[in-house]
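Peer 1: Sending over my_file-v4.txt (compact mmCIF, C-alpha atoms and all ligand atoms).
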```txt
# COMPACT_ATOMS: atom_id res chain seq x y z
CA MET A 1 -37.62 22.64 10.34
CA LEU A 2 -37.97 20.07 13.14
CA LYS A 3 -34.83 18.90 14.84
CA THR A 4 -34.40 15.15 14.35
CA ILE A 5 -32.27 12.80 16.42
CA ASP A 6 -29.84 10.28 15.03
CA LEU A 7 -30.29 6.97 16.88
CA LYS A 8 -28.01 4.93 14.61
CA ASN A 9 -26.13 3.46 17.53
CA HIS A 10 -29.17 2.67 19.61
CA PRO A 11 -29.63 -1.10 20.10
CA THR A 12 -33.22 -1.10 18.82
CA GLN A 13 -32.44 0.65 15.54
CA GLY A 14 -32.49 -1.16 12.23
CA CYS A 15 -34.79 -3.99 13.31
CA ASP A 16 -38.55 -4.26 12.87
CA THR A 17 -39.06 -3.73 16.58
CA GLU A 18 -38.08 -0.08 16.60
CA PRO A 19 -40.34 1.88 18.92
CA LEU A 20 -42.89 4.34 17.64
CA LEU A 21 -42.69 6.22 20.92
CA GLU A 22 -40.00 5.94 23.52
CA LEU A 23 -40.06 7.79 26.82
CA ARG A 24 -36.65 8.19 28.40
CA ASP A 25 -36.34 9.27 32.00
CA LEU A 26 -39.49 11.41 31.90
CA ARG A 27 -39.82 13.66 34.95
CA THR A 28 -42.76 15.98 35.50
CA GLN A 29 -43.15 18.37 38.39
CA PHE A 30 -45.96 20.76 39.23
CA ILE A 31 -44.81 23.94 40.90
CA THR A 32 -47.69 24.90 43.17
CA PRO A 33 -47.79 27.79 45.66
CA GLN A 34 -47.52 25.25 48.51
CA SER A 35 -44.91 22.82 47.17
CA VAL A 36 -43.26 21.11 44.24
CA VAL A 37 -45.18 17.95 43.32
CA SER A 38 -43.05 15.30 41.60
CA ALA A 39 -45.82 13.52 39.77
CA VAL A 40 -43.61 11.52 37.38
CA ASP A 41 -40.13 10.60 38.48
CA GLY A 42 -37.95 9.00 35.82
CA VAL A 43 -40.34 6.98 33.64
CA SER A 44 -38.89 5.11 30.65
CA LEU A 45 -41.18 3.14 28.35
CA SER A 46 -41.24 2.15 24.72
CA ILE A 47 -44.19 1.31 22.51
CA ARG A 48 -43.90 -0.22 19.06
CA PRO A 49 -46.22 0.27 16.06
CA GLY A 50 -49.48 -1.63 16.52
CA GLN A 51 -48.66 -2.51 20.12
CA THR A 52 -50.78 -1.78 23.19
CA MET A 53 -49.05 -0.85 26.40
CA ALA A 54 -51.26 -0.75 29.48
CA LEU A 55 -50.27 1.64 32.24
CA VAL A 56 -51.69 0.56 35.59
CA GLY A 57 -51.39 1.69 39.19
CA GLU A 58 -53.40 3.14 42.02
CA SER A 59 -54.94 6.59 41.95
CA GLY A 60 -52.29 9.31 42.05
CA SER A 61 -49.44 7.07 40.83
CA GLY A 62 -48.75 9.39 37.88
CA LYS A 63 -50.43 7.57 34.97
CA SER A 64 -52.34 10.54 33.57
CA VAL A 65 -49.48 12.96 34.09
CA THR A 66 -47.16 10.59 32.18
CA ALA A 67 -49.62 10.61 29.27
CA LEU A 68 -50.33 14.35 29.42
CA SER A 69 -46.59 15.11 29.45
CA ILE A 70 -46.09 13.47 26.05
CA LEU A 71 -48.17 16.17 24.34
CA ARG A 72 -47.96 18.75 27.14
CA LEU A 73 -51.72 18.80 27.52
CA PHE A 74 -51.81 20.62 30.85
CA ASN A 75 -54.23 23.25 32.04
CA ARG A 76 -53.22 26.76 31.12
CA GLY A 77 -52.69 27.78 34.76
CA ASP A 78 -50.43 24.84 35.67
CA LYS A 79 -46.75 25.58 36.23
CA VAL A 80 -45.10 22.44 34.96
CA LYS A 81 -41.47 21.44 34.66
CA ILE A 82 -40.74 18.50 32.35
CA SER A 83 -37.44 16.81 31.58
CA GLY A 84 -36.31 13.68 29.74
CA GLN A 85 -37.15 12.68 26.20
CA ALA A 86 -40.24 11.52 24.32
CA LEU A 87 -38.78 10.13 21.10
CA TRP A 88 -41.30 9.86 18.29
CA LYS A 89 -40.62 8.13 15.00
CA ASN A 90 -42.31 10.11 12.25
CA ARG A 91 -43.72 8.79 8.96
CA GLN A 92 -40.36 9.38 7.26
CA GLY A 93 -38.58 7.27 9.87
CA GLN A 94 -36.93 10.24 11.55
CA VAL A 95 -36.84 10.44 15.33
CA ILE A 96 -38.09 13.62 16.97
CA ASP A 97 -38.01 14.51 20.64
CA LEU A 98 -41.52 15.79 21.35
CA LEU A 99 -40.38 17.33 24.63
CA ALA A 100 -37.92 19.55 22.79
CA LEU A 101 -40.54 20.99 20.42
CA GLN A 102 -41.98 24.48 20.58
CA GLU A 103 -45.70 24.70 21.33
CA ASN A 104 -46.58 25.53 17.69
CA GLU A 105 -44.53 22.55 16.42
CA LEU A 106 -46.10 20.20 18.95
CA ARG A 107 -49.59 21.25 17.86
CA THR A 108 -49.12 19.47 14.52
CA PHE A 109 -48.64 16.17 16.38
CA ARG A 110 -51.74 16.48 18.54
CA GLY A 111 -54.66 14.66 17.00
CA ARG A 112 -53.05 13.97 13.63
CA GLU A 113 -50.25 11.73 14.89
CA ILE A 114 -51.23 11.09 18.48
CA GLY A 115 -54.89 10.97 19.52
CA PHE A 116 -56.01 11.36 23.11
CA VAL A 117 -59.24 10.02 24.60
CA PHE A 118 -59.88 11.52 28.02
CA GLN A 119 -61.68 9.91 30.90
CA ASP A 120 -64.46 12.49 30.91
CA PRO A 121 -65.96 12.86 27.42
CA GLY A 122 -68.30 15.62 28.63
CA ALA A 123 -65.41 17.99 29.19
CA SER A 124 -64.10 17.53 25.65
CA LEU A 125 -67.34 18.10 23.70
CA ASN A 126 -68.76 21.56 23.14
CA PRO A 127 -72.37 21.64 24.43
CA VAL A 128 -73.58 24.26 21.92
CA PHE A 129 -72.68 22.42 18.70
CA THR A 130 -74.12 19.20 17.31
CA ILE A 131 -71.82 16.23 17.37
CA GLY A 132 -71.88 16.21 13.55
CA ALA A 133 -70.56 19.79 13.45
CA GLN A 134 -67.81 18.88 15.89
CA ILE A 135 -66.70 15.78 13.98
CA ARG A 136 -66.81 17.69 10.67
CA GLU A 137 -64.68 20.44 12.15
CA THR A 138 -62.05 17.90 13.18
CA LEU A 139 -62.17 16.32 9.72
CA GLU A 140 -61.77 19.67 8.00
CA ILE A 141 -58.77 20.65 10.11
CA HIS A 142 -56.95 17.40 9.55
CA GLN A 143 -58.13 16.16 6.16
CA SER A 144 -59.52 17.54 2.98
CA ASN A 145 -61.34 16.76 -0.29
CA GLU A 146 -63.83 14.33 1.20
CA ASP A 147 -67.46 14.94 1.90
CA SER A 148 -67.04 15.51 5.61
CA SER A 149 -70.72 14.85 6.47
CA LEU A 150 -70.63 11.41 4.88
CA LEU A 151 -67.32 10.67 6.56
CA ALA A 152 -68.64 11.83 9.91
CA ILE A 153 -71.64 9.48 9.59
CA GLN A 154 -69.32 6.63 8.64
CA LEU A 155 -67.14 7.34 11.67
CA LEU A 156 -70.15 7.26 13.98
CA ARG A 157 -71.14 3.95 12.44
CA ASP A 158 -67.59 2.63 12.94
CA VAL A 159 -67.73 3.38 16.64
CA GLY A 160 -71.01 1.51 16.93
CA ILE A 161 -73.54 4.36 17.16
CA ALA A 162 -76.92 3.11 15.90
CA ASP A 163 -78.82 5.34 13.50
CA PRO A 164 -75.86 7.65 12.80
CA ASP A 165 -77.72 9.70 10.10
CA ARG A 166 -80.08 10.96 12.79
CA ARG A 167 -77.60 11.07 15.69
CA ILE A 168 -75.28 13.34 13.79
CA ASN A 169 -77.70 16.20 14.45
CA ALA A 170 -77.84 15.57 18.21
CA PHE A 171 -76.28 17.84 20.80
CA PRO A 172 -73.94 16.22 23.36
CA HIS A 173 -76.53 16.47 26.19
CA GLN A 174 -78.98 14.39 24.14
CA LEU A 175 -76.61 11.41 24.21
CA SER A 176 -75.81 8.96 26.98
CA GLY A 177 -72.35 8.92 28.62
CA GLY A 178 -71.41 5.83 26.62
CA MET A 179 -72.44 7.48 23.35
CA ARG A 180 -70.51 10.64 24.16
CA GLN A 181 -67.45 8.50 24.84
CA ARG A 182 -67.88 6.91 21.40
CA VAL A 183 -68.30 10.31 19.76
CA MET A 184 -65.05 11.37 21.36
CA LEU A 185 -63.41 8.26 19.98
CA ALA A 186 -64.90 8.98 16.53
CA MET A 187 -63.46 12.51 16.64
CA THR A 188 -60.08 11.16 17.66
CA LEU A 189 -60.12 8.54 14.91
CA ALA A 190 -61.15 11.13 12.32
CA CYS A 191 -57.51 12.26 12.33
CA GLN A 192 -56.26 8.68 11.76
CA PRO A 193 -53.61 8.89 14.47
CA ARG A 194 -50.77 6.37 14.52
CA PHE A 195 -50.86 6.32 18.27
CA LEU A 196 -53.81 6.55 20.64
CA ILE A 197 -53.58 7.47 24.29
CA ALA A 198 -56.72 6.28 26.07
CA ASP A 199 -56.87 7.51 29.66
CA GLU A 200 -59.39 5.35 31.53
CA PRO A 201 -61.74 5.50 28.54
CA THR A 202 -64.25 3.08 30.02
CA THR A 203 -64.31 3.97 33.72
CA ALA A 204 -67.51 6.01 33.45
CA LEU A 205 -69.34 3.34 31.47
CA ASP A 206 -71.49 0.45 32.63
CA VAL A 207 -70.05 -3.02 32.14
CA THR A 208 -71.89 -3.92 28.93
CA ILE A 209 -70.95 -0.67 27.18
CA GLN A 210 -67.46 -1.05 28.60
CA ALA A 211 -67.13 -4.46 26.95
CA GLN A 212 -68.36 -3.05 23.61
CA MET A 213 -65.93 -0.16 23.85
CA MET A 214 -63.02 -2.50 24.53
CA ARG A 215 -63.95 -4.66 21.54
CA LEU A 216 -64.24 -1.58 19.40
CA LEU A 217 -60.84 -0.28 20.43
CA SER A 218 -59.22 -3.64 19.63
CA GLU A 219 -60.91 -3.81 16.22
CA ILE A 220 -59.97 -0.27 15.27
CA GLN A 221 -56.45 -0.80 16.44
CA GLU A 222 -56.03 -3.95 14.40
CA LYS A 223 -57.57 -2.36 11.30
CA HIS A 224 -55.25 0.67 11.38
CA ASN A 225 -52.21 -0.94 13.04
CA MET A 226 -52.48 1.83 15.61
CA ALA A 227 -50.31 1.74 18.72
CA MET A 228 -51.97 2.51 22.04
CA LEU A 229 -51.19 3.55 25.57
CA PHE A 230 -54.15 2.32 27.60
CA ILE A 231 -54.42 3.71 31.11
CA THR A 232 -56.50 1.90 33.67
CA HIS A 233 -56.85 0.82 37.30
CA ASP A 234 -58.49 -2.36 36.17
CA LEU A 235 -56.17 -5.31 35.68
CA ALA A 236 -59.04 -7.38 34.27
CA LEU A 237 -59.25 -4.97 31.32
CA VAL A 238 -55.50 -5.16 30.84
CA SER A 239 -55.52 -8.82 29.93
CA GLN A 240 -58.24 -8.16 27.34
CA ILE A 241 -56.42 -5.49 25.44
CA ALA A 242 -52.72 -5.13 26.19
CA ASP A 243 -49.59 -6.72 24.75
CA ARG A 244 -47.39 -5.23 27.43
CA VAL A 245 -47.99 -3.74 30.85
CA ALA A 246 -46.16 -1.12 32.89
CA VAL A 247 -47.06 -0.85 36.56
CA MET A 248 -46.60 2.56 38.19
CA TYR A 249 -46.17 3.36 41.84
CA ALA A 250 -45.56 6.82 43.32
CA GLY A 251 -44.41 8.35 40.03
CA GLN A 252 -42.13 5.49 38.98
CA VAL A 253 -42.45 2.35 36.90
CA VAL A 254 -41.97 -0.65 39.21
CA GLU A 255 -42.50 -3.48 36.73
CA THR A 256 -42.90 -3.94 32.99
CA GLY A 257 -43.53 -7.11 31.08
CA ASN A 258 -45.52 -9.07 28.58
CA VAL A 259 -49.18 -9.15 29.65
CA HIS A 260 -49.38 -12.92 30.20
CA GLU A 261 -46.11 -13.13 32.07
CA LEU A 262 -46.88 -10.12 34.24
CA THR A 263 -50.41 -11.16 35.16
CA ASN A 264 -49.55 -14.85 35.71
CA HIS A 265 -46.07 -14.47 37.22
CA PRO A 266 -45.84 -10.99 38.73
CA LYS A 267 -42.41 -10.20 40.12
CA HIS A 268 -42.86 -7.00 42.09
CA PRO A 269 -44.73 -7.27 45.41
CA TYR A 270 -46.85 -4.27 44.35
CA THR A 271 -47.95 -5.98 41.13
CA LYS A 272 -48.77 -9.10 43.17
CA ALA A 273 -50.74 -6.97 45.63
CA LEU A 274 -52.69 -5.30 42.80
CA LEU A 275 -53.55 -8.72 41.38
CA ASP A 276 -54.57 -10.01 44.81
CA CYS A 277 -57.08 -7.24 45.33
CA ARG A 278 -58.71 -7.79 41.96
CA PRO A 279 -62.38 -8.76 42.31
CA ILE A 280 -63.07 -12.42 41.79
CA ARG A 281 -65.69 -13.81 39.46
CA LEU A 282 -69.22 -13.59 40.81
CA TYR A 283 -71.13 -15.96 38.52
CA LYS A 284 -71.15 -19.80 38.40
CA GLU A 285 -72.05 -20.17 42.05
CA ASP A 286 -71.69 -23.95 41.81
CA GLU A 287 -67.98 -23.47 41.03
CA PRO A 288 -66.79 -21.24 43.84
CA ASP A 289 -63.58 -19.35 43.30
CA GLU A 290 -61.38 -19.97 46.30
CA ARG A 291 -59.45 -16.74 46.01
CA ILE A 292 -59.71 -14.21 48.78
CA LEU A 293 -59.67 -10.50 48.08
CA ILE A 294 -56.70 -8.99 49.87
CA PRO A 295 -56.62 -5.19 50.01
CA ILE A 296 -53.24 -3.44 49.98
CA LYS A 297 -52.54 -2.09 53.44
CA GLY A 298 -51.80 1.61 53.89
CA ARG A 299 -51.88 4.33 51.28
CA PRO A 300 -49.56 5.43 48.49
CA PRO A 301 -47.12 8.13 49.68
CA ARG A 302 -47.76 11.77 48.88
CA SER A 303 -45.18 13.50 46.70
CA GLY A 304 -42.30 14.69 48.90
CA ASP A 305 -43.16 12.02 51.43
CA VAL A 306 -41.55 9.05 49.69
CA SER A 307 -39.26 6.81 51.71
CA MET A 308 -35.50 6.87 51.27
CA GLY A 309 -35.35 3.34 49.84
CA CYS A 310 -38.01 1.43 47.93
CA ARG A 311 -41.12 3.61 47.69
CA PHE A 312 -43.41 0.63 48.21
CA ALA A 313 -41.47 -0.75 51.22
CA PRO A 314 -43.71 0.80 53.94
CA ARG A 315 -46.67 -1.16 52.53
CA CYS A 316 -44.82 -4.29 51.45
CA ASN A 317 -45.20 -7.63 53.26
CA ALA A 318 -41.78 -8.75 52.02
CA GLN A 319 -39.95 -5.65 53.23
CA LYS A 320 -36.54 -6.03 54.95
CA ASP A 321 -34.12 -3.44 56.34
CA ILE A 322 -32.13 -3.40 53.12
CA CYS A 323 -35.23 -2.21 51.22
CA MET A 324 -35.29 1.04 53.23
CA GLN A 325 -31.64 2.00 52.83
CA ASN A 326 -31.14 3.25 49.23
CA PRO A 327 -33.30 4.09 46.23
CA VAL A 328 -33.98 0.99 44.16
CA SER A 329 -33.31 1.12 40.44
CA LEU A 330 -35.21 -0.69 37.72
CA GLU A 331 -33.49 -3.97 36.89
CA ILE A 332 -33.84 -5.06 33.28
CA PHE A 333 -33.83 -8.77 32.55
CA SER A 334 -34.73 -11.07 29.60
CA GLY A 335 -34.24 -8.12 27.24
CA ALA A 336 -37.50 -6.28 27.75
CA GLU A 337 -38.81 -7.13 31.22
CA SER A 338 -37.98 -5.00 34.21
CA VAL A 339 -38.62 -4.88 37.94
CA ARG A 340 -37.75 -2.41 40.70
CA CYS A 341 -37.31 -4.69 43.72
CA LEU A 342 -34.17 -5.86 45.50
CA ARG A 343 -35.76 -9.12 46.60
CA TRP A 344 -37.77 -10.22 43.55
CA ARG A 345 -35.56 -13.22 42.74
CA GLU A 346 -35.92 -14.72 46.20
CA LEU A 347 -39.64 -14.01 46.63
N1 LIG B 1 -52.41 20.05 37.90
C1 LIG B 1 -51.81 19.50 38.94
N2 LIG B 1 -51.22 20.25 39.91
C2 LIG B 1 -50.59 19.70 40.96
N3 LIG B 1 -50.50 18.36 41.16
C3 LIG B 1 -51.06 17.57 40.23
C4 LIG B 1 -51.74 18.07 39.09
N4 LIG B 1 -52.19 17.03 38.34
C5 LIG B 1 -51.80 15.92 38.99
N5 LIG B 1 -51.14 16.23 40.12
C6 LIG B 1 -50.57 15.28 41.09
O1 LIG B 1 -49.73 14.39 40.39
C7 LIG B 1 -49.84 13.08 40.92
C8 LIG B 1 -50.15 12.10 39.81
O2 LIG B 1 -51.45 12.39 39.33
P1 LIG B 1 -52.11 11.58 38.12
O3 LIG B 1 -53.32 12.37 37.72
O4 LIG B 1 -51.11 11.30 37.08
O5 LIG B 1 -52.53 10.23 38.83
P2 LIG B 1 -53.23 8.96 38.16
O6 LIG B 1 -52.31 7.81 38.33
O7 LIG B 1 -53.66 9.29 36.78
O8 LIG B 1 -54.47 8.76 39.14
P3 LIG B 1 -56.00 8.36 38.79
O9 LIG B 1 -55.98 6.88 38.65
O10 LIG B 1 -56.75 8.81 39.99
O11 LIG B 1 -56.42 9.07 37.55
C9 LIG B 1 -50.88 13.15 42.02
O12 LIG B 1 -50.21 13.27 43.25
C10 LIG B 1 -51.65 14.40 41.70
O13 LIG B 1 -52.16 14.97 42.86
MG MG B 2 -55.54 9.57 35.89
```
Starting from the file, give its structure as structure tokens.
Ligand SMILES: Nc1ncnc2c1ncn2[C@@H]1O[C@H](COP(=O)(O)OP(=O)(O)OP(=O)(O)O)[C@@H](O)[C@H]1O
Ligand SMILES: [Mg+2]
Peer 2:
Amino acid sequence: MLKTIDLKNHPTQGCDTEPLLELRDLRTQFITPQSVVSAVDGVSLSIRPGQTMALVGESGSGKSVTALSILRLFNRGDKVKISGQALWKNRQGQVIDLLALQENELRTFRGREIGFVFQDPGASLNPVFTIGAQIRETLEIHQSNEDSSLLAIQLLRDVGIADPDRRINAFPHQLSGGMRQRVMLAMTLACQPRFLIADEPTTALDVTIQAQMMRLLSEIQEKHNMAMLFITHDLALVSQIADRVAVMYAGQVVETGNVHELTNHPKHPYTKALLDCRPIRLYKEDEPDERILIPIKGRPPRSGDVSMGCRFAPRCNAQKDICMQNPVSLEIFSGAESVRCLRWREL
């Protein structure tokens, strides 16, 4: 019997905006022989049914580890310490803390409730079985009473694979990277998850396939009212797909907001810097874009090497002495927006 949590007194309860998943003060550390790596350091986020939250930030900021922590999808050899809560609202409306579950209890949530698309589809497909066999296997574990071959073909068609009756007999190595990524998505969707975590699902794809994949994700999401955590470096993709955005820096969330507000009126200097180093449009030469690409100076800090005050301060153009003195907490304003900067109002 799973332990459920009574959130009667929580401010979001009882209204139609109750979160499907809420992370509260998530902290994840890797205990390595050399050191303790604090990869995620107090992340709180909430995602509602049907909503897409984009998680952005530079390499190493803790995006993947945040996502992996939700379902504890770490490598067997990793020594990981996780604290905080990952509150999941199940189909009966009960709230369950995924972080408090035993491994065997958590297994029932993986795939069926929460699907995960990894950046590298090659690593997730078995090279010795046809893709049809692998999709059917997923279908048979999670569903029953349907002709799984027909369903598998339909799923391949849904994710835009041409000639699915023939492709179903292909082995992974006979498909292109883009096709393998779609097969992975088909396998994930076979379980009809209520929540999809997509960790850089388009990074390995060329731009045309990337655009198709993004369209596909949006369509599928709308059709099934599926919520999504979409992880990316690419702020251009964010505006195509997300409702809300959380920006991560050195293991912490530094800004959250509605996608239009955050991309048009960023508050945190790091979000501004990320937007300023976004590539400008390259077509329409007769209408030159005046923007200049400005790279962010310096590098993100290594774990254990973060500054006493604001973690971004050493790289920030707006930094003052006060920024270096004490840790900066996340300030919540307008109900759901937040920013971790002492000077954001004056900047
Ligand atoms: N298995 C591990 N053992 C030790 N440290 C790890 C492990 N996995 C991740 N880390 C560290 O945790 C931090 C966050 O890594 P994470 O993979 O979440 O970054 P990311 O934001 O997803 O980056 P990218 O955009 O490159 O995928 C990094 O400092 C990384 O080196
Ligand atoms: Mg990552």
Peer 1: Sorted by chain and rising residue number, list the residues of stretch 184-282 of chain A at most 6 Å from stretch 104-121 of chain A (counting all atoms listed in the file), each with its closest atom pair and distance in Å to one decimal, as a Markdown table.
Peer 2:
```
| residue | atom | partner | partner_atom | distance |
| --- | --- | --- | --- | --- |
| A:Thr188 | CA | A:Gly115 | CA | 5.5 |
| A:Cys191 | CA | A:Arg112 | CA | 5.0 |
| A:Pro193 | CA | A:Glu113 | CA | 4.4 |
| A:Arg194 | CA | A:Glu113 | CA | 5.4 |
| A:Phe195 | CA | A:Ile114 | CA | 4.8 |
| A:Leu196 | CA | A:Gly115 | CA | 4.7 |
| A:Ile197 | CA | A:Phe116 | CA | 4.7 |
| A:Ala198 | CA | A:Val117 | CA | 4.7 |
| A:Asp199 | CA | A:Phe118 | CA | 5.3 |
| A:Glu200 | CA | A:Gln119 | CA | 5.1 |
| A:Pro201 | CA | A:Gln119 | CA | 5.0 |
```
Peer 1: Go ahead and save the residues from that selection, with C-alpha atoms, as an mmCIF file, in the frame of the given file.
Peer 2:
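The result, written out as result22.cif:
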```cif
data_model
loop_
_atom_site.group_PDB
_atom_site.id
_atom_site.type_symbol
_atom_site.label_atom_id
_atom_site.label_comp_id
_atom_site.auth_asym_id
_atom_site.auth_seq_id
_atom_site.Cartn_x
_atom_site.Cartn_y
_atom_site.Cartn_z
ATOM 1 C CA THR A 188 -60.080 11.160 17.660
ATOM 2 C CA CYS A 191 -57.510 12.260 12.330
ATOM 3 C CA PRO A 193 -53.610 8.890 14.470
ATOM 4 C CA ARG A 194 -50.770 6.370 14.520
ATOM 5 C CA PHE A 195 -50.860 6.320 18.270
ATOM 6 C CA LEU A 196 -53.810 6.550 20.640
ATOM 7 C CA ILE A 197 -53.580 7.470 24.290
ATOM 8 C CA ALA A 198 -56.720 6.280 26.070
ATOM 9 C CA ASP A 199 -56.870 7.510 29.660
ATOM 10 C CA GLU A 200 -59.390 5.350 31.530
ATOM 11 C CA PRO A 201 -61.740 5.500 28.540
#
```
Peer 1: Quick one: residues within 9 Å of A:Gln221, all atoms listed in the file, excluding same-chain residues fewer than 5 positions away - as a ChimeraX atom specification?
Peer 2: /A:50-52,196,216,226-228
Peer 1: Please return as JSON, numbers by chain the residues found within 9 Å of ligand LIG 1 (chain B), counting all atoms listed in the file.
Peer 2: {"A": [28, 29, 30, 31, 32, 35, 36, 37, 38, 39, 40, 55, 56, 57, 58, 59, 60, 61, 62, 63, 64, 65, 66, 67, 68, 74, 75, 77, 78, 79, 80, 119, 199, 200, 231, 232, 233, 248, 249, 250, 251, 301, 302, 303]}
Peer 1: Between A:Leu189, A:Arg24, A:Phe230, A:Arg180, which is the closest to ligand MG 2 (chain B) once you count only C-alpha atoms and all ligand atoms?
Peer 2: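 Comparing A:Leu189, A:Arg24, A:Phe230, A:Arg180 against ligand MG 2 (chain B), the winner is A:Phe230.
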Peer 1: Could the centre and edge lengths of an axis-aligned box, enclosing all atoms of stretch 180-197 of chain A in the file with 4 Å extra on each side, be given in Å to one decimal as lines of an AutoDock Vina configuration file?
Peer 2:
```
center_x = -60.6
center_y = 9.4
center_z = 18.3
size_x = 27.7
size_y = 14.2
size_z = 21.1
```
Peer 1: Taking only C-alpha atoms into account, which of A:Leu229, A:Cys316, A:Met213, A:Val238 comes nearest A:Ile296?
Peer 2: A:Cys316
Peer 1: For A:Val95, which residue out of A:Glu22, A:Met53, A:Ala152, A:Arg136 is the nearest one, using only C-alpha atoms?
Peer 2: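 Smallest distance to A:Val95 is found for A:Glu22.
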Peer 1: From the set A:Ala313, A:Leu125, A:Ile332, A:Ala162, which residue has the shortest atom-to-atom contact distance to A:Arg299, counting only C-alpha atoms?
Peer 2: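 The closest residue to A:Arg299 is A:Ala313.
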Peer 1: Give me, please, the distance in Å between atom CA of A:Glu219 and atom CA of A:Gln181, quoted to one decimal.
Peer 2: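 Separating atom CA of A:Glu219 from atom CA of A:Gln181 is a distance of 16.4 Å.
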Peer 1: Quick one: distance from atom CA of A:Val306 to atom CA of A:Ile82 in Å, one decimal?
Peer 2: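 If I compute the distance from atom CA of A:Val306 to atom CA of A:Ile82, I get 19.8 Å.
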Peer 1: For stretch 244-259 of chain A, supply N, CA and C atoms and report the output as an mmCIF file, keeping the file's coordinate frame.
Peer 2:
```cif
data_model
loop_
_atom_site.group_PDB
_atom_site.id
_atom_site.type_symbol
_atom_site.label_atom_id
_atom_site.label_comp_id
_atom_site.auth_asym_id
_atom_site.auth_seq_id
_atom_site.Cartn_x
_atom_site.Cartn_y
_atom_site.Cartn_z
ATOM 1 N N ARG A 244 -48.367 -5.432 26.351
ATOM 2 C CA ARG A 244 -47.390 -5.230 27.430
ATOM 3 C C ARG A 244 -48.017 -4.377 28.524
ATOM 4 N N VAL A 245 -47.452 -4.486 29.709
ATOM 5 C CA VAL A 245 -47.990 -3.740 30.850
ATOM 6 C C VAL A 245 -46.842 -3.034 31.557
ATOM 7 N N ALA A 246 -47.095 -1.802 31.996
ATOM 8 C CA ALA A 246 -46.160 -1.120 32.890
ATOM 9 C C ALA A 246 -46.946 -0.764 34.147
ATOM 10 N N VAL A 247 -46.388 -1.125 35.291
ATOM 11 C CA VAL A 247 -47.060 -0.850 36.560
ATOM 12 C C VAL A 247 -46.376 0.348 37.199
ATOM 13 N N MET A 248 -47.180 1.355 37.571
ATOM 14 C CA MET A 248 -46.600 2.560 38.190
ATOM 15 C C MET A 248 -46.927 2.629 39.660
ATOM 16 N N TYR A 249 -45.948 3.109 40.421
ATOM 17 C CA TYR A 249 -46.170 3.360 41.840
ATOM 18 C C TYR A 249 -45.442 4.637 42.237
ATOM 19 N N ALA A 250 -46.146 5.571 42.825
ATOM 20 C CA ALA A 250 -45.560 6.820 43.320
ATOM 21 C C ALA A 250 -44.636 7.486 42.292
ATOM 22 N N GLY A 251 -45.130 7.609 41.061
ATOM 23 C CA GLY A 251 -44.410 8.350 40.030
ATOM 24 C C GLY A 251 -43.348 7.570 39.278
ATOM 25 N N GLN A 252 -43.172 6.295 39.654
ATOM 26 C CA GLN A 252 -42.130 5.490 38.980
ATOM 27 C C GLN A 252 -42.735 4.200 38.406
ATOM 28 N N VAL A 253 -42.078 3.676 37.384
ATOM 29 C CA VAL A 253 -42.450 2.350 36.900
ATOM 30 C C VAL A 253 -41.789 1.326 37.816
ATOM 31 N N VAL A 254 -42.569 0.371 38.330
ATOM 32 C CA VAL A 254 -41.970 -0.650 39.210
ATOM 33 C C VAL A 254 -41.871 -2.018 38.524
ATOM 34 N N GLU A 255 -42.641 -2.218 37.463
ATOM 35 C CA GLU A 255 -42.500 -3.480 36.730
ATOM 36 C C GLU A 255 -43.032 -3.293 35.316
ATOM 37 N N THR A 256 -42.345 -3.889 34.348
ATOM 38 C CA THR A 256 -42.900 -3.940 32.990
ATOM 39 C C THR A 256 -42.774 -5.376 32.508
ATOM 40 N N GLY A 257 -43.650 -5.759 31.618
ATOM 41 C CA GLY A 257 -43.530 -7.110 31.080
ATOM 42 C C GLY A 257 -44.638 -7.402 30.096
ATOM 43 N N ASN A 258 -44.497 -8.530 29.463
ATOM 44 C CA ASN A 258 -45.520 -9.070 28.580
ATOM 45 C C ASN A 258 -46.776 -9.335 29.421
ATOM 46 N N VAL A 259 -47.953 -9.094 28.842
ATOM 47 C CA VAL A 259 -49.180 -9.150 29.650
ATOM 48 C C VAL A 259 -49.402 -10.510 30.319
#
```
